[in-house]
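Engineer: My structure file target-v4.cif, mmCIF, C-alpha atoms, is below:
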data_query
loop_
_atom_site.group_PDB
_atom_site.id
_atom_site.type_symbol
_atom_site.label_atom_id
_atom_site.label_comp_id
_atom_site.auth_asym_id
_atom_site.auth_seq_id
_atom_site.Cartn_x
_atom_site.Cartn_y
_atom_site.Cartn_z
ATOM 1 C CA MET A 1 99.007 99.982 76.594
ATOM 2 C CA THR A 2 96.704 98.855 79.382
ATOM 3 C CA PRO A 3 94.160 101.227 80.949
ATOM 4 C CA LEU A 4 96.254 101.343 84.135
ATOM 5 C CA ALA A 5 99.432 102.108 82.185
ATOM 6 C CA ALA A 6 97.633 104.978 80.452
ATOM 7 C CA ARG A 7 96.442 106.307 83.808
ATOM 8 C CA VAL A 8 99.957 106.059 85.270
ATOM 9 C CA ARG A 9 101.349 107.941 82.273
ATOM 10 C CA GLU A 10 98.731 110.691 82.735
ATOM 11 C CA ALA A 11 99.339 110.894 86.496
ATOM 12 C CA LEU A 12 103.074 111.274 85.965
ATOM 13 C CA ARG A 13 102.522 113.883 83.265
ATOM 14 C CA LEU A 14 100.692 116.011 85.853
ATOM 15 C CA ALA A 15 103.233 115.420 88.632
ATOM 16 C CA PRO A 16 106.086 117.838 89.378
ATOM 17 C CA ALA A 17 108.984 117.535 86.935
ATOM 18 C CA SER A 18 111.407 116.384 89.631
ATOM 19 C CA PHE A 19 109.122 113.478 90.549
ATOM 20 C CA ARG A 20 108.550 112.590 86.892
ATOM 21 C CA GLU A 21 112.284 112.424 86.272
ATOM 22 C CA ALA A 22 112.946 110.378 89.413
ATOM 23 C CA PHE A 23 110.120 107.964 88.613
ATOM 24 C CA GLU A 24 111.794 107.100 85.285
ATOM 25 C CA LEU A 25 114.090 104.914 87.425
ATOM 26 C CA PHE A 26 111.122 102.837 88.634
ATOM 27 C CA GLU A 27 109.381 99.955 86.951
ATOM 28 C CA VAL A 28 105.599 99.825 87.333
ATOM 29 C CA VAL A 29 104.020 96.367 87.296
ATOM 30 C CA GLU A 30 100.300 95.798 87.096
ATOM 31 C CA THR A 31 99.306 92.856 89.290
ATOM 32 C CA GLU A 32 96.532 91.536 91.470
ATOM 33 C CA ALA A 33 99.133 89.749 93.626
ATOM 34 C CA VAL A 34 99.130 92.800 95.936
ATOM 35 C CA ALA A 35 96.005 94.194 97.573
ATOM 36 C CA THR A 36 96.815 97.849 96.903
ATOM 37 C CA ALA A 37 100.359 98.827 95.929
ATOM 38 C CA SER A 38 103.851 97.957 97.083
ATOM 39 C CA VAL A 39 107.440 98.687 96.214
ATOM 40 C CA GLY A 40 110.529 96.518 96.328
ATOM 41 C CA GLY A 41 113.783 95.918 94.578
ATOM 42 C CA ARG A 42 117.161 97.534 94.985
ATOM 43 C CA ALA A 43 118.883 98.277 91.686
ATOM 44 C CA THR A 44 115.593 99.081 89.958
ATOM 45 C CA PRO A 45 112.688 99.775 92.297
ATOM 46 C CA VAL A 46 109.545 97.942 91.222
ATOM 47 C CA VAL A 47 106.167 99.407 92.097
ATOM 48 C CA ARG A 48 103.463 96.760 92.015
ATOM 49 C CA VAL A 49 99.996 98.231 91.585
ATOM 50 C CA ASN A 50 96.659 96.450 91.754
ATOM 51 C CA PRO A 51 94.495 97.797 88.905
ATOM 52 C CA ARG A 52 91.263 97.042 90.804
ATOM 53 C CA PHE A 53 92.473 99.055 93.787
ATOM 54 C CA VAL A 54 93.416 101.974 91.553
ATOM 55 C CA ALA A 55 90.056 101.831 89.763
ATOM 56 C CA GLY A 56 88.198 102.054 93.075
ATOM 57 C CA SER A 57 90.477 104.285 95.129
ATOM 58 C CA CYS A 58 92.258 106.630 92.720
ATOM 59 C CA PRO A 59 89.522 108.386 90.747
ATOM 60 C CA THR A 60 91.738 111.216 89.477
ATOM 61 C CA PRO A 61 95.242 111.452 88.022
ATOM 62 C CA GLU A 62 96.235 113.425 91.107
ATOM 63 C CA THR A 63 95.197 110.663 93.508
ATOM 64 C CA LEU A 64 97.071 108.088 91.430
ATOM 65 C CA ALA A 65 100.140 110.362 91.440
ATOM 66 C CA MET A 66 99.896 110.538 95.238
ATOM 67 C CA LEU A 67 99.795 106.727 95.449
ATOM 68 C CA LEU A 68 102.895 106.500 93.249
ATOM 69 C CA MET A 69 104.659 109.187 95.296
ATOM 70 C CA HIS A 70 103.784 107.321 98.494
ATOM 71 C CA GLU A 71 105.418 104.171 97.149
ATOM 72 C CA ALA A 72 108.443 106.115 95.870
ATOM 73 C CA LEU A 73 108.943 107.630 99.324
ATOM 74 C CA HIS A 74 109.415 104.135 100.759
ATOM 75 C CA VAL A 75 112.529 103.900 98.568
ATOM 76 C CA VAL A 76 113.706 107.434 99.370
ATOM 77 C CA LEU A 77 113.320 106.835 103.116
ATOM 78 C CA GLY A 78 115.236 103.549 102.940
ATOM 79 C CA HIS A 79 112.332 101.295 103.844
ATOM 80 C CA THR A 80 113.086 98.893 101.000
ATOM 81 C CA ALA A 81 116.756 98.655 101.992
ATOM 82 C CA ARG A 82 115.755 97.547 105.491
ATOM 83 C CA ALA A 83 113.266 94.937 104.260
ATOM 84 C CA GLY A 84 114.507 91.359 104.534
#
Mind turning the file's structure into structure tokens?
Structural biologist:
Amino acid sequence: MTPLAARVREALRLAPASFREAFELFEVVETEAVATASVGGRATPVVRVNPRFVAGSCPTPETLAMLLMHEALHVVLGHTARAG
């Protein structure tokens, strides 16, 4: 397990149960191909997270959980369905 994967697991453990359960439908991919984080995909939403961004901008499990929730809300609000 990578350091980022361990941090994601811890962040989700501290998140509300409803979010934890919903996030089981997402795939988290560690990549430097995105500057911060992004989400895409339809059948299985894929959250791409830059480990360097997380290391510098998400010092606590709570801030990482907020980043993940932010990306999940793009799916909930239909932003990914509208994307080309």
Engineer: Closest to Pro3 in chain A among A:Ala15, A:Arg48, A:Ala43, A:Ala55, using all atoms listed in the file?
Structural biologist: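 Of A:Ala15, A:Arg48, A:Ala43, A:Ala55, the one nearest Pro3 in chain A, counting all atoms listed in the file, is A:Ala55.
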Engineer: Out of A:Arg13, A:Arg7, A:His79, A:Arg42, which residue has the shortest atom-to-atom distance to Leu64 in chain A when counting all atoms listed in the file?
Structural biologist: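 Answer, going by the shortest atom-to-atom distance: A:Arg7.
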Engineer: CA of Ala17 in chain A and CA of Val34 in chain A, how far apart in Å?
Structural biologist: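 Atom-to-atom, CA of Val34 in chain A and CA of Ala17 in chain A are spaced 28.1 Å apart.
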Engineer: Mind working out the centre and edge lengths of an axis-aligned box for range 33-50 of chain A, all listed atoms inside, 8 Å added to each side, rounded to one decimal in Å and written as JSON?
Structural biologist:
{"center_x": 107.4, "center_y": 94.8, "center_z": 93.8, "size_x": 38.9, "size_y": 26.0, "size_z": 23.6}
Engineer: Kindly give the distance, in Å, that separates CA of Thr60 in chain A and CA of Gly40 in chain A, rounded to a single decimal.
Structural biologist: 24.8 Å
Engineer: As a PyMOL selection string, please: the residues near Ala22 in chain A (cut-off 12 Å, all atoms listed in the file, same-chain neighbours under 4 positions excluded).
Structural biologist: chain A and resi 12+15-18+26-27+44-45+68-69+72-73+75-76
Engineer: When distances are computed from only C-alpha atoms, which of A:Ala65, A:Leu25, A:Ala33, A:Val46 shows the smallest separation from Val8 in chain A?
Structural biologist: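 Result for the nearest residue to Val8 in chain A: A:Ala65.
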Engineer: To one decimal place, how far is CA of Ala6 in chain A from CA of Val39 in chain A in Å?
Structural biologist: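 We find that CA of Ala6 in chain A and CA of Val39 in chain A lie 19.6 Å from each other.
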Engineer: From the set A:Glu24, A:Phe19, A:Glu10, A:Phe53, which residue has the shortest atom-to-atom contact distance to His70 in chain A, counting all atoms listed in the file?
Structural biologist: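 Smallest distance to His70 in chain A is found for A:Phe19.
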Engineer: Given the file shown, determine the residues that the PyMOL selection byres ((chain A and resi 31) around 12) selects; report them as number ranges by chain.
Structural biologist: A: 2, 4-5, 28-30, 32-38, 46-54
